[in-house]
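What's in start09.txt: compact mmCIF, C-alpha atoms and all ligand atoms
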```txt
# COMPACT_ATOMS: atom_id res chain seq x y z
CA MET A 1 -22.36 18.71 11.12
CA SER A 2 -19.18 19.81 12.87
CA GLN A 3 -16.81 22.21 11.18
CA THR A 4 -13.08 22.67 11.67
CA LEU A 5 -11.07 25.58 10.29
CA PHE A 6 -7.33 24.97 9.99
CA THR A 7 -5.62 28.31 9.74
CA ASN A 8 -2.04 29.59 9.54
CA ALA A 9 -1.04 26.37 7.74
CA THR A 10 1.41 25.44 5.01
CA LEU A 11 -0.63 23.21 2.69
CA ALA A 12 0.85 20.53 0.45
CA THR A 13 -2.28 20.05 -1.65
CA LEU A 14 -0.73 17.65 -4.20
CA GLN A 15 -2.95 19.31 -6.80
CA GLY A 16 -1.55 19.56 -10.32
CA GLU A 17 0.55 17.05 -12.24
CA SER A 18 3.80 17.44 -10.30
CA GLY A 19 5.32 18.94 -7.20
CA TYR A 20 3.75 19.51 -3.81
CA GLY A 21 1.06 22.04 -4.74
CA LEU A 22 2.33 24.19 -1.86
CA GLN A 23 0.30 27.05 -0.38
CA ALA A 24 1.86 29.07 2.45
CA GLN A 25 -0.22 31.15 4.90
CA ALA A 26 -3.23 29.06 3.98
CA ALA A 27 -6.44 27.89 5.59
CA LEU A 28 -8.65 24.84 5.06
CA LEU A 29 -12.24 24.33 6.20
CA VAL A 30 -13.66 20.91 6.97
CA ASP A 31 -17.44 20.58 6.96
CA GLY A 32 -18.66 17.21 8.20
CA GLU A 33 -16.59 14.54 6.41
CA ARG A 34 -15.46 16.76 3.53
CA ILE A 35 -13.08 19.56 2.64
CA ALA A 36 -15.36 22.55 2.06
CA TRP A 37 -12.88 25.33 1.31
CA LEU A 38 -9.13 25.98 1.06
CA GLY A 39 -7.03 28.96 0.08
CA ASP A 40 -5.33 32.06 1.39
CA ALA A 41 -5.79 32.39 5.17
CA ALA A 42 -6.68 36.06 4.81
CA GLY A 43 -9.77 35.15 2.78
CA ALA A 44 -10.91 32.18 4.86
CA PRO A 45 -14.58 31.88 5.80
CA ALA A 46 -15.28 32.01 9.54
CA PRO A 47 -18.40 29.95 10.15
CA ASP A 48 -20.10 30.27 13.52
CA GLY A 49 -19.32 27.37 15.82
CA ALA A 50 -16.37 26.01 13.83
CA GLU A 51 -13.40 24.75 15.81
CA VAL A 52 -10.42 26.91 14.83
CA VAL A 53 -7.04 25.16 14.74
CA ASP A 54 -4.01 27.44 14.54
CA CYS A 55 -1.42 25.32 12.71
CA GLY A 56 1.48 27.61 13.60
CA HIS A 57 2.94 27.41 10.05
CA ARG A 58 3.08 23.64 10.31
CA LEU A 59 2.63 21.47 7.22
CA LEU A 60 -0.84 20.08 6.47
CA THR A 61 -1.06 17.24 3.90
CA PRO A 62 -3.60 14.68 2.75
CA GLY A 63 -3.61 11.51 4.84
CA LEU A 64 -1.02 8.99 3.70
CA VAL A 65 -2.16 5.94 1.72
CA ASP A 66 -0.35 2.58 1.93
CA CYS A 67 -1.47 0.94 -1.32
CA HIS A 68 0.30 -2.45 -1.07
CA THR A 69 0.47 -4.46 2.17
CA HIS A 70 0.30 -8.03 3.38
CA LEU A 71 -0.47 -6.99 6.97
CA VAL A 72 -2.58 -10.00 7.96
CA TYR A 73 -0.57 -13.17 8.59
CA GLY A 74 0.26 -15.74 11.24
CA GLY A 75 3.65 -16.11 12.94
CA ASP A 76 6.75 -14.21 11.90
CA ARG A 77 10.08 -14.98 10.24
CA ALA A 78 12.53 -13.61 12.81
CA ASP A 79 14.10 -17.05 13.36
CA GLU A 80 14.71 -17.38 9.64
CA PHE A 81 16.22 -13.88 9.56
CA GLU A 82 18.59 -14.87 12.33
CA LEU A 83 19.50 -18.25 10.81
CA ARG A 84 20.32 -16.62 7.49
CA LEU A 85 22.62 -14.12 9.18
CA GLU A 86 24.29 -16.97 11.05
CA GLY A 87 25.16 -18.48 7.68
CA ALA A 88 22.32 -20.90 6.84
CA SER A 89 21.56 -21.25 3.11
CA TYR A 90 18.14 -20.80 1.56
CA ALA A 91 18.02 -24.57 0.99
CA GLU A 92 18.70 -25.25 4.67
CA ILE A 93 16.08 -22.71 5.70
CA ALA A 94 13.55 -24.25 3.32
CA ALA A 95 14.39 -27.72 4.67
CA ARG A 96 13.60 -26.44 8.16
CA GLY A 97 10.19 -25.32 6.90
CA GLY A 98 11.11 -21.66 6.40
CA GLY A 99 10.14 -19.21 3.69
CA ILE A 100 6.68 -18.20 2.56
CA LEU A 101 5.27 -21.69 3.24
CA SER A 102 6.05 -21.29 6.95
CA THR A 103 3.83 -18.20 6.92
CA VAL A 104 1.15 -20.16 5.06
CA ALA A 105 1.25 -22.90 7.71
CA ALA A 106 1.09 -20.36 10.56
CA THR A 107 -1.74 -18.43 8.89
CA ARG A 108 -3.78 -21.57 8.24
CA ALA A 109 -3.33 -22.60 11.88
CA ALA A 110 -4.32 -19.21 13.35
CA SER A 111 -7.86 -18.25 14.31
CA GLU A 112 -9.47 -15.06 13.04
CA ALA A 113 -9.09 -13.56 16.51
CA GLN A 114 -5.38 -14.42 16.56
CA LEU A 115 -4.80 -12.93 13.11
CA PHE A 116 -6.68 -9.78 14.10
CA ALA A 117 -4.71 -9.35 17.33
CA ALA A 118 -1.40 -9.88 15.51
CA ALA A 119 -2.25 -7.39 12.75
CA LEU A 120 -3.47 -4.65 15.09
CA PRO A 121 -0.08 -3.34 16.32
CA ARG A 122 1.28 -3.47 12.77
CA ILE A 123 -1.59 -1.40 11.42
CA ARG A 124 -1.42 0.98 14.39
CA ALA A 125 2.24 1.69 13.61
CA LEU A 126 1.17 2.85 10.15
CA LEU A 127 -1.72 4.93 11.46
CA ASP A 128 0.51 6.62 14.03
CA GLU A 129 2.57 7.99 11.12
CA GLY A 130 -0.41 9.49 9.35
CA VAL A 131 -1.74 6.64 7.21
CA THR A 132 -5.49 7.12 6.75
CA ALA A 133 -6.25 4.54 4.03
CA LEU A 134 -4.65 1.29 3.05
CA GLU A 135 -4.80 -1.94 1.15
CA ILE A 136 -4.49 -5.42 2.64
CA LYS A 137 -4.00 -8.56 0.55
CA SER A 138 -4.83 -12.17 1.27
CA GLY A 139 -2.35 -14.73 -0.06
CA TYR A 140 -1.06 -16.72 2.92
CA GLY A 141 -4.07 -19.00 3.15
CA LEU A 142 -3.95 -20.53 -0.34
CA ASP A 143 -7.19 -22.45 0.17
CA SER A 144 -10.73 -21.10 0.13
CA ASP A 145 -11.41 -21.09 3.85
CA SER A 146 -8.04 -19.64 4.82
CA GLU A 147 -8.13 -16.91 2.16
CA ILE A 148 -11.64 -15.94 3.27
CA LYS A 149 -10.44 -15.94 6.89
CA MET A 150 -7.68 -13.46 6.01
CA LEU A 151 -10.08 -11.20 4.10
CA ARG A 152 -12.57 -11.25 6.97
CA VAL A 153 -9.79 -10.09 9.31
CA ALA A 154 -8.92 -7.28 6.88
CA GLU A 155 -12.57 -6.30 6.70
CA ARG A 156 -12.82 -6.21 10.51
CA LEU A 157 -9.65 -4.10 10.79
CA GLY A 158 -11.09 -1.52 8.44
CA ARG A 159 -14.45 -1.48 10.20
CA GLU A 160 -13.18 -1.31 13.77
CA LEU A 161 -10.50 1.28 13.04
CA GLY A 162 -12.78 3.36 10.82
CA LEU A 163 -10.41 3.19 7.84
CA ARG A 164 -10.91 3.33 4.12
CA LEU A 165 -9.49 -0.09 3.26
CA GLN A 166 -9.20 -2.08 0.04
CA LYS A 167 -9.36 -5.87 0.46
CA THR A 168 -7.38 -7.57 -2.28
CA PHE A 169 -7.67 -11.27 -3.11
CA LEU A 170 -4.19 -12.71 -3.78
CA GLY A 171 -4.95 -16.43 -3.97
CA ALA A 172 -2.26 -16.75 -6.67
CA HIS A 173 0.56 -15.60 -4.38
CA ALA A 174 2.42 -18.91 -4.06
CA LEU A 175 1.79 -22.56 -4.87
CA PRO A 176 0.48 -24.36 -1.79
CA PRO A 177 2.45 -27.51 -0.88
CA GLU A 178 -0.48 -29.83 -1.64
CA TYR A 179 -0.37 -28.63 -5.28
CA GLU A 180 3.38 -29.17 -5.75
CA GLY A 181 4.02 -29.78 -9.47
CA ARG A 182 0.37 -28.95 -10.36
CA ALA A 183 0.33 -25.18 -10.70
CA ASP A 184 -2.30 -25.18 -13.46
CA ASP A 185 -4.63 -27.25 -11.29
CA TYR A 186 -4.19 -24.72 -8.50
CA ILE A 187 -4.99 -21.86 -10.88
CA ASP A 188 -8.19 -23.77 -11.80
CA LEU A 189 -9.07 -23.87 -8.10
CA VAL A 190 -8.37 -20.14 -7.72
CA CYS A 191 -10.54 -19.25 -10.73
CA ASP A 192 -13.35 -21.75 -10.26
CA GLU A 193 -13.75 -21.85 -6.52
CA MET A 194 -11.59 -19.61 -4.32
CA LEU A 195 -12.15 -16.27 -6.03
CA PRO A 196 -15.87 -16.71 -6.72
CA ARG A 197 -16.47 -17.79 -3.11
CA ALA A 198 -14.55 -14.87 -1.62
CA ARG A 199 -16.34 -12.54 -4.01
CA ALA A 200 -19.76 -13.94 -3.12
CA ALA A 201 -18.93 -13.33 0.55
CA GLY A 202 -18.48 -9.64 -0.29
CA LEU A 203 -14.82 -9.72 0.72
CA VAL A 204 -13.03 -8.79 -2.52
CA ASP A 205 -12.46 -5.23 -3.70
CA ALA A 206 -9.63 -6.09 -6.13
CA VAL A 207 -7.61 -9.07 -7.38
CA ASP A 208 -3.82 -9.43 -7.45
CA VAL A 209 -1.44 -12.12 -8.78
CA PHE A 210 2.29 -12.82 -8.32
CA ILE A 211 3.89 -13.37 -11.71
CA GLU A 212 7.46 -14.53 -11.13
CA SER A 213 9.78 -17.50 -11.59
CA ILE A 214 9.13 -18.49 -7.95
CA ALA A 215 5.35 -18.01 -8.27
CA PHE A 216 3.18 -18.17 -11.42
CA SER A 217 3.76 -17.74 -15.15
CA ARG A 218 2.39 -14.81 -17.08
CA ALA A 219 -0.22 -17.09 -18.71
CA GLN A 220 -1.34 -18.42 -15.32
CA GLY A 221 -1.51 -14.92 -13.90
CA GLU A 222 -3.52 -13.73 -16.88
CA ARG A 223 -6.09 -16.49 -16.35
CA VAL A 224 -6.72 -15.21 -12.82
CA LEU A 225 -6.96 -11.58 -13.94
CA GLU A 226 -9.32 -12.53 -16.76
CA ARG A 227 -11.57 -14.35 -14.27
CA ALA A 228 -11.47 -11.32 -11.95
CA GLN A 229 -12.57 -9.07 -14.78
CA GLN A 230 -15.40 -11.46 -15.68
CA LEU A 231 -16.55 -10.95 -12.08
CA GLY A 232 -16.32 -7.19 -12.50
CA LEU A 233 -13.35 -6.74 -10.17
CA PRO A 234 -10.42 -4.32 -10.58
CA ILE A 235 -7.03 -5.97 -11.07
CA LYS A 236 -3.37 -5.43 -10.19
CA ALA A 237 -0.22 -7.55 -10.28
CA HIS A 238 3.15 -8.26 -8.62
CA VAL A 239 5.44 -8.21 -11.64
CA GLU A 240 9.07 -7.97 -12.72
CA GLN A 241 10.42 -8.15 -9.17
CA LEU A 242 13.18 -10.70 -9.69
CA SER A 243 13.06 -11.27 -13.46
CA ASP A 244 11.30 -9.97 -16.56
CA LEU A 245 8.34 -12.17 -17.49
CA GLY A 246 6.42 -9.39 -19.25
CA GLY A 247 3.72 -9.38 -16.61
CA ALA A 248 3.52 -5.60 -16.34
CA ALA A 249 2.64 -5.04 -19.99
CA MET A 250 0.06 -7.85 -19.84
CA ALA A 251 -1.64 -6.49 -16.71
CA ALA A 252 -1.44 -2.89 -17.91
CA GLY A 253 -2.93 -3.97 -21.24
CA ARG A 254 -5.91 -5.29 -19.29
CA GLY A 255 -6.33 -1.94 -17.54
CA ALA A 256 -4.77 -2.84 -14.18
CA LEU A 257 -5.08 -0.25 -11.41
CA SER A 258 -1.40 -0.80 -10.69
CA VAL A 259 1.61 -2.94 -11.49
CA ASP A 260 3.86 -3.41 -8.50
CA HIS A 261 7.64 -3.96 -7.87
CA LEU A 262 9.01 -3.44 -11.46
CA GLU A 263 12.74 -3.73 -10.76
CA TYR A 264 13.16 -5.76 -13.97
CA LEU A 265 10.64 -3.83 -16.07
CA ALA A 266 12.01 -3.51 -19.62
CA ALA A 267 12.28 -0.03 -21.07
CA LYS A 268 10.09 -1.10 -24.02
CA ASP A 269 7.24 -1.91 -21.64
CA VAL A 270 7.22 1.50 -19.94
CA ALA A 271 5.26 2.96 -22.87
CA ALA A 272 2.58 0.29 -22.35
CA LEU A 273 2.19 1.46 -18.76
CA ALA A 274 1.94 5.07 -19.85
CA ALA A 275 -0.73 4.17 -22.41
CA SER A 276 -2.81 2.18 -19.91
CA GLY A 277 -2.82 4.68 -17.06
CA SER A 278 -1.76 1.95 -14.62
CA VAL A 279 0.17 3.24 -11.61
CA ALA A 280 3.73 1.97 -11.09
CA VAL A 281 3.87 0.96 -7.43
CA LEU A 282 7.49 0.89 -6.23
CA LEU A 283 8.42 -1.10 -3.14
CA PRO A 284 11.87 0.00 -1.96
CA GLY A 285 11.43 -1.84 1.36
CA ALA A 286 11.60 -5.25 -0.33
CA TYR A 287 14.49 -4.06 -2.50
CA TYR A 288 16.36 -3.06 0.66
CA VAL A 289 15.58 -6.17 2.72
CA LEU A 290 16.46 -8.53 -0.15
CA ARG A 291 19.58 -6.46 -0.90
CA GLU A 292 18.61 -6.27 -4.56
CA THR A 293 20.80 -4.38 -6.98
CA GLN A 294 18.57 -4.04 -10.06
CA LEU A 295 16.84 -0.65 -9.88
CA PRO A 296 13.39 -0.04 -11.37
CA PRO A 297 13.59 2.08 -14.57
CA ILE A 298 12.77 5.30 -12.70
CA GLU A 299 14.03 7.68 -15.38
CA ALA A 300 11.98 5.97 -18.10
CA LEU A 301 8.87 5.98 -15.89
CA ARG A 302 9.43 9.68 -15.27
CA GLU A 303 9.98 10.47 -18.97
CA HIS A 304 6.77 8.68 -19.94
CA GLY A 305 4.78 10.37 -17.19
CA VAL A 306 3.80 7.08 -15.52
CA PRO A 307 2.42 7.91 -12.06
CA MET A 308 4.66 6.38 -9.38
CA ALA A 309 3.33 5.29 -5.99
CA LEU A 310 5.20 3.93 -2.96
CA ALA A 311 4.07 1.37 -0.41
CA THR A 312 5.44 -0.58 2.53
CA ASP A 313 4.73 -4.06 1.07
CA ALA A 314 4.53 -4.89 4.80
CA ASN A 315 4.98 -8.67 5.01
CA PRO A 316 6.84 -11.10 7.28
CA GLY A 317 9.51 -12.12 4.77
CA SER A 318 10.79 -9.54 2.31
CA SER A 319 9.55 -6.34 3.96
CA PRO A 320 8.84 -6.45 7.71
CA ILE A 321 8.51 -2.66 7.55
CA HIS A 322 5.64 -0.72 9.07
CA SER A 323 6.70 2.84 8.36
CA LEU A 324 5.64 4.70 5.24
CA LEU A 325 7.99 7.55 6.24
CA LEU A 326 10.93 5.13 6.12
CA ILE A 327 9.72 3.97 2.69
CA MET A 328 9.77 7.59 1.49
CA ASN A 329 13.36 7.91 2.65
CA LEU A 330 14.35 4.60 1.02
CA ALA A 331 12.70 5.68 -2.24
CA CYS A 332 14.73 8.89 -2.24
CA THR A 333 17.98 7.31 -1.09
CA LEU A 334 17.92 4.04 -3.04
CA PHE A 335 15.69 4.85 -6.05
CA ARG A 336 16.62 8.55 -6.33
CA LEU A 337 13.04 9.82 -6.23
CA THR A 338 12.72 13.47 -5.32
CA PRO A 339 10.99 14.24 -2.00
CA ALA A 340 8.08 15.67 -4.00
CA GLU A 341 7.76 12.40 -5.95
CA ALA A 342 7.93 10.49 -2.67
CA LEU A 343 5.11 12.52 -1.12
CA ARG A 344 2.99 12.17 -4.25
CA GLY A 345 3.81 8.46 -4.14
CA VAL A 346 2.20 8.01 -0.73
CA THR A 347 -0.75 10.33 -1.30
CA ARG A 348 -2.20 11.14 -4.68
CA ASN A 349 -0.62 8.34 -6.72
CA ALA A 350 -1.20 5.76 -3.99
CA ALA A 351 -4.88 6.75 -3.91
CA ARG A 352 -4.97 6.34 -7.69
CA ALA A 353 -3.38 2.87 -7.36
CA LEU A 354 -6.42 1.93 -5.26
CA GLY A 355 -8.88 3.59 -7.63
CA MET A 356 -9.75 6.01 -4.81
CA ASP A 357 -8.28 9.23 -6.19
CA GLY A 358 -11.73 10.74 -6.70
CA GLU A 359 -12.20 10.65 -2.92
CA ILE A 360 -8.80 10.91 -1.23
CA GLY A 361 -5.11 11.59 -1.93
CA SER A 362 -5.08 15.36 -2.35
CA LEU A 363 -6.44 18.47 -0.67
CA GLU A 364 -9.32 19.58 -2.86
CA ILE A 365 -12.79 20.89 -2.21
CA GLY A 366 -15.25 18.02 -2.01
CA LYS A 367 -12.73 15.33 -1.15
CA GLN A 368 -12.90 13.36 2.07
CA ALA A 369 -11.23 15.26 4.93
CA ASP A 370 -8.33 12.87 5.58
CA LEU A 371 -5.66 15.23 6.88
CA VAL A 372 -2.31 15.06 8.63
CA LEU A 373 -0.73 17.97 10.48
CA TRP A 374 3.03 17.50 10.68
CA ASP A 375 5.35 19.15 13.15
CA VAL A 376 7.58 20.37 10.30
CA ASP A 377 7.51 23.49 8.14
CA ARG A 378 8.55 21.96 4.78
CA PRO A 379 7.54 18.72 3.01
CA ALA A 380 11.12 17.59 2.31
CA MET A 381 11.47 17.01 6.06
CA LEU A 382 9.18 13.98 5.72
CA SER A 383 11.56 12.12 3.39
CA TYR A 384 14.79 13.49 4.83
CA ARG A 385 14.84 12.18 8.38
CA VAL A 386 14.64 8.63 9.67
CA GLY A 387 13.49 7.65 13.13
CA VAL A 388 11.56 10.79 14.05
CA ASN A 389 7.79 10.71 13.75
CA PRO A 390 6.59 14.28 13.18
CA CYS A 391 2.92 13.28 12.77
CA ALA A 392 1.25 15.76 15.11
CA ALA A 393 -2.46 15.31 14.42
CA VAL A 394 -4.63 13.13 12.18
CA MET A 395 -8.18 13.65 10.96
CA ARG A 396 -10.02 10.92 9.09
CA ALA A 397 -13.28 11.75 7.30
CA GLY A 398 -13.57 14.89 9.40
CA ALA A 399 -13.08 13.11 12.75
CA TRP A 400 -10.01 13.46 14.94
CA HIS A 401 -7.93 10.32 15.44
CA LYS A 402 -4.85 11.93 16.95
CA ARG A 403 -4.56 15.39 18.46
CA GLY A 404 -0.88 15.46 19.43
CA VAL A 405 0.30 19.06 19.62
CA LEU A 406 -3.29 20.25 19.44
CA ALA A 407 -4.47 18.39 22.55
ZN ZN A 501 3.61 -7.68 -2.13
```

Starting from the file, give its structure as structure tokens.
Amino acid sequence: MSQTLFTNATLATLQGESGYGLQAQAALLVDGERIAWLGDAAGAPAPDGAEVVDCGHRLLTPGLVDCHTHLVYGGDRADEFELRLEGASYAEIAARGGGILSTVAATRAASEAQLFAAALPRIRALLDEGVTALEIKSGYGLDSDSEIKMLRVAERLGRELGLRLQKTFLGAHALPPEYEGRADDYIDLVCDEMLPRARAAGLVDAVDVFIESIAFSRAQGERVLERAQQLGLPIKAHVEQLSDLGGAAMAAGRGALSVDHLEYLAAKDVAALAASGSVAVLLPGAYYVLRETQLPPIEALREHGVPMALATDANPGSSPIHSLLLIMNLACTLFRLTPAEALRGVTRNAARALGMDGEIGSLEIGKQADLVLWDVDRPAMLSYRVGVNPCAAVMRAGAWHKRGVLA
């Protein structure tokens, strides 16, 4: 078992219920895949044969966790982006085959190899900024074979890149064109065939639904989540993004890992989230790209102690963003999160949103050694700047994936 001793570091441990859990002049020992010791540098153990890394007062944090992405898809929507800015209406774009259904068509047409190759640079952009674990959803296939194809690509990405990855089945993301006007029939297909098949193939770690006026009703979403729970799978939901359908309280009441978006979450439903322990996953990238104006009820979430996570929501339409550092800045600038809340949102609370907080998300003895060394001396630098990547070195499960300044 190899050992690495990080010394002369500023640790943001994320221990405790708030703040960074900062420790200056600290050291951290990695033994094999795990954190074996951390504390004051003066009292650090010095095992024979350990590699000693002098951090030079740089900041050492847990690896970042992107807990909500749609990274696997065919095609892109750059033409639609351009048309819209040249004045085309949504109706005109839809008439030209744009919108989410254009991504569904491109994803159905793509091979597994093509989807894998297209996703690789997107995922690498995240990893290069210190992401060490992430979630990928299906939801652009909308039939059994295509959903399974997407999940197989996600599975291969995790395996080949050596990542801790949650594969989420999102068959109820949009109504496929062949089910136009028959949403309940499609939900039957999701519950009776698509989800059980994907589950039997060992490709589903969690189940998500999109409850919204442009997607599925709360009752339809609840049918899918109920079926997921019958199959023993954790649940989560896209809710209250564009309107308030009460999806968050429903999903939280069922013990969802997370409820995501939440711009239109009613104040009365915040208490339901607090009671359930569900994480509020905020997605400021989609808010920014869609130029939304309704802010999530941040102050109420804060008052009720609901854990808040942040994610890229990386997708070809509403959030073609592959930078969790940019998301931290957007969360501070647009949603008025503090930099400490932003860092918790992409580490500890994001790990909790994936049900992985027992293993990753903070610097604690016994946790997996997913670590990022940043070329900054204070954590606020991570949220403050845009366009500079200070990720200097990355360790995942005790193995180096980037050496940067340490090379
Ligand atoms: Zn999403």

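With all atoms listed in the file counted, the chains near ligand ZN 501 (chain A) contribute these residues within 7 Å: His68, Thr69, His70, His238 and Asp313 of chain A.
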
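Closest approach to Gly361 (chain A) among A:Ile214, A:Thr338, A:Gly246, A:Ala309: A:Ala309, based on all atoms listed in the file.
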
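With only C-alpha atoms as the atoms that count, the residue of A:Pro316, A:Ala311, A:Gln230, A:Val270 with the shortest distance to Val104 (chain A) is A:Pro316.
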
Counting all atoms listed in the file, which residues sit no farther than 12 Å from the position (-14.9, -4.2, 1.0) in the file's frame? I'd like them as JSON, numbers by chain. {"A": [134, 135, 136, 137, 151, 152, 153, 154, 155, 156, 157, 158, 159, 163, 164, 165, 166, 167, 168, 169, 198, 199, 200, 201, 202, 203, 204, 205, 206, 233]}

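Between CA of Pro284 (chain A) and CA of Glu226 (chain A) there is a distance of 28.7 Å.
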
Identify which of the residues A:Leu142, A:Ile148, A:Ala393, A:Val388 lies closest to Ser111 (chain A), counting only C-alpha atoms when measuring atom-to-atom distances. A:Ile148

Could you check the closest approach to Ala399 (chain A) for each of A:Val30, A:Leu354, A:Ala314, A:Ala24 and tell me which residue wins, using all atoms listed in the file? A:Val30

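Every protein, DNA or RNA residue with an atom at most 9 Å from Leu14 (chain A), where only C-alpha atoms count and chain neighbours fewer than 2 positions away do not, is listed here: Leu11, Ala12, Gly16, Glu17, Ser18, Gly19, Tyr20, Gly21, Leu22, Thr61, Pro62, Leu343, Arg344, Thr347, Arg348, Gly361, Ser362, Leu363 and Glu364 of chain A.
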
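Going from CA of Ala174 (chain A) to CA of Leu101 (chain A) covers 8.3 Å.
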
Which residue out of A:Pro379, A:Gly255, A:Gly99, A:Gly366 has the minimum interatomic distance to Leu38 (chain A) when only C-alpha atoms are used? A:Gly366

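In this comparison, which uses only C-alpha atoms, the residue of A:Asn8, A:Ala44, A:Asp260, A:Asp66 approaching Val131 (chain A) most closely is A:Asp66.
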
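The gap separating CA of Ala9 (chain A) from CA of Gly39 (chain A) is 10.1 Å, in Å to one decimal.
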
Just want the 10 Å neighbourhood of Trp400 (chain A), counted on only C-alpha atoms, with same-chain residues fewer than 5 positions away dropped. Output as a CSV table (one decimal) with C-alpha atoms, in the frame of the given file.
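That gives us selection-v7.csv:
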```csv
chain,number,residue,atom,x,y,z
A,370,ASP,CA,-8.3,12.9,5.6
A,371,LEU,CA,-5.7,15.2,6.9
A,393,ALA,CA,-2.5,15.3,14.4
A,394,VAL,CA,-4.6,13.1,12.2
A,395,MET,CA,-8.2,13.6,11.0
```

With all atoms listed in the file counted, which protein, DNA or RNA residues have an atom no more than 10 Å from (2.3, 5.0, -18.3) in the file frame? Please answer as a count of residues only. 22

Residue contacts of region 263-268 of chain A (7 Å, only C-alpha atoms) excluding same-chain residues fewer than 6 positions away, as a PyMOL selection string: chain A and resi 240-244+294-297+300

Quick one: residues within 8 Å of Gly285 (chain A), only C-alpha atoms, excluding same-chain residues fewer than 3 positions away - as a list in words? Tyr288, Val289, Thr312, Asp313, Ser318, Ser319, Ile321, Ile327 and Leu330 of chain A

Coordinates of box centre and edge lengths for region 305-316 of chain A, 4 Å on every side, axis-aligned, as AutoDock Vina command-line options:
```
--center_x 4.6 --center_y -0.4 --center_z -5.0 --size_x 12.4 --size_y 29.5 --size_z 32.5
```

Contacts of Gly74 (chain A) within 12 Å, all atoms listed in the file, excl. fewer than 4 positions in-chain, as a VMD selection string: chain A and resid 70 100 to 119 138 to 141 146 149 to 150 153 315 to 317

Output region 382-393 of chain A as a PDB file, in the coordinates of the input, making sure N, CA, C and O atoms are there.
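What follows is the written file result-v1.pdb:
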```pdb
ATOM      1  N   LEU A 382       9.815  15.289   5.542  1.00  0.00           N
ATOM      2  CA  LEU A 382       9.180  13.980   5.720  1.00  0.00           C
ATOM      3  C   LEU A 382      10.028  12.861   5.129  1.00  0.00           C
ATOM      4  O   LEU A 382      10.036  11.742   5.638  1.00  0.00           O
ATOM      5  N   SER A 383      10.719  13.141   4.022  1.00  0.00           N
ATOM      6  CA  SER A 383      11.560  12.120   3.390  1.00  0.00           C
ATOM      7  C   SER A 383      12.986  12.133   3.929  1.00  0.00           C
ATOM      8  O   SER A 383      13.703  11.139   3.826  1.00  0.00           O
ATOM      9  N   TYR A 384      13.398  13.240   4.491  1.00  0.00           N
ATOM     10  CA  TYR A 384      14.790  13.490   4.830  1.00  0.00           C
ATOM     11  C   TYR A 384      15.252  12.749   6.084  1.00  0.00           C
ATOM     12  O   TYR A 384      16.318  12.148   6.113  1.00  0.00           O
ATOM     13  N   ARG A 385      14.414  12.765   7.114  1.00  0.00           N
ATOM     14  CA  ARG A 385      14.840  12.180   8.380  1.00  0.00           C
ATOM     15  C   ARG A 385      14.347  10.749   8.529  1.00  0.00           C
ATOM     16  O   ARG A 385      13.322  10.376   7.991  1.00  0.00           O
ATOM     17  N   VAL A 386      15.068   9.982   9.329  1.00  0.00           N
ATOM     18  CA  VAL A 386      14.640   8.630   9.670  1.00  0.00           C
ATOM     19  C   VAL A 386      14.599   8.523  11.193  1.00  0.00           C
ATOM     20  O   VAL A 386      15.520   9.011  11.865  1.00  0.00           O
ATOM     21  N   GLY A 387      13.532   7.938  11.697  1.00  0.00           N
ATOM     22  CA  GLY A 387      13.490   7.650  13.130  1.00  0.00           C
ATOM     23  C   GLY A 387      12.832   8.722  13.982  1.00  0.00           C
ATOM     24  O   GLY A 387      12.785   8.593  15.196  1.00  0.00           O
ATOM     25  N   VAL A 388      12.331   9.769  13.334  1.00  0.00           N
ATOM     26  CA  VAL A 388      11.560  10.790  14.050  1.00  0.00           C
ATOM     27  C   VAL A 388      10.164  10.758  13.445  1.00  0.00           C
ATOM     28  O   VAL A 388      10.028  10.779  12.227  1.00  0.00           O
ATOM     29  N   ASN A 389       9.159  10.675  14.272  1.00  0.00           N
ATOM     30  CA  ASN A 389       7.790  10.710  13.750  1.00  0.00           C
ATOM     31  C   ASN A 389       7.174  12.074  14.000  1.00  0.00           C
ATOM     32  O   ASN A 389       6.735  12.365  15.103  1.00  0.00           O
ATOM     33  N   PRO A 390       7.111  12.925  12.978  1.00  0.00           N
ATOM     34  CA  PRO A 390       6.590  14.280  13.180  1.00  0.00           C
ATOM     35  C   PRO A 390       5.074  14.384  13.005  1.00  0.00           C
ATOM     36  O   PRO A 390       4.547  15.498  12.949  1.00  0.00           O
ATOM     37  N   CYS A 391       4.378  13.242  12.956  1.00  0.00           N
ATOM     38  CA  CYS A 391       2.920  13.280  12.770  1.00  0.00           C
ATOM     39  C   CYS A 391       2.272  13.834  14.037  1.00  0.00           C
ATOM     40  O   CYS A 391       2.277  13.186  15.084  1.00  0.00           O
ATOM     41  N   ALA A 392       1.727  15.050  13.928  1.00  0.00           N
ATOM     42  CA  ALA A 392       1.250  15.760  15.110  1.00  0.00           C
ATOM     43  C   ALA A 392      -0.243  15.594  15.339  1.00  0.00           C
ATOM     44  O   ALA A 392      -0.709  15.606  16.473  1.00  0.00           O
ATOM     45  N   ALA A 393      -1.006  15.452  14.274  1.00  0.00           N
ATOM     46  CA  ALA A 393      -2.460  15.310  14.420  1.00  0.00           C
ATOM     47  C   ALA A 393      -3.002  14.662  13.147  1.00  0.00           C
ATOM     48  O   ALA A 393      -2.481  14.880  12.058  1.00  0.00           O
TER      49      ALA A 393
END
```
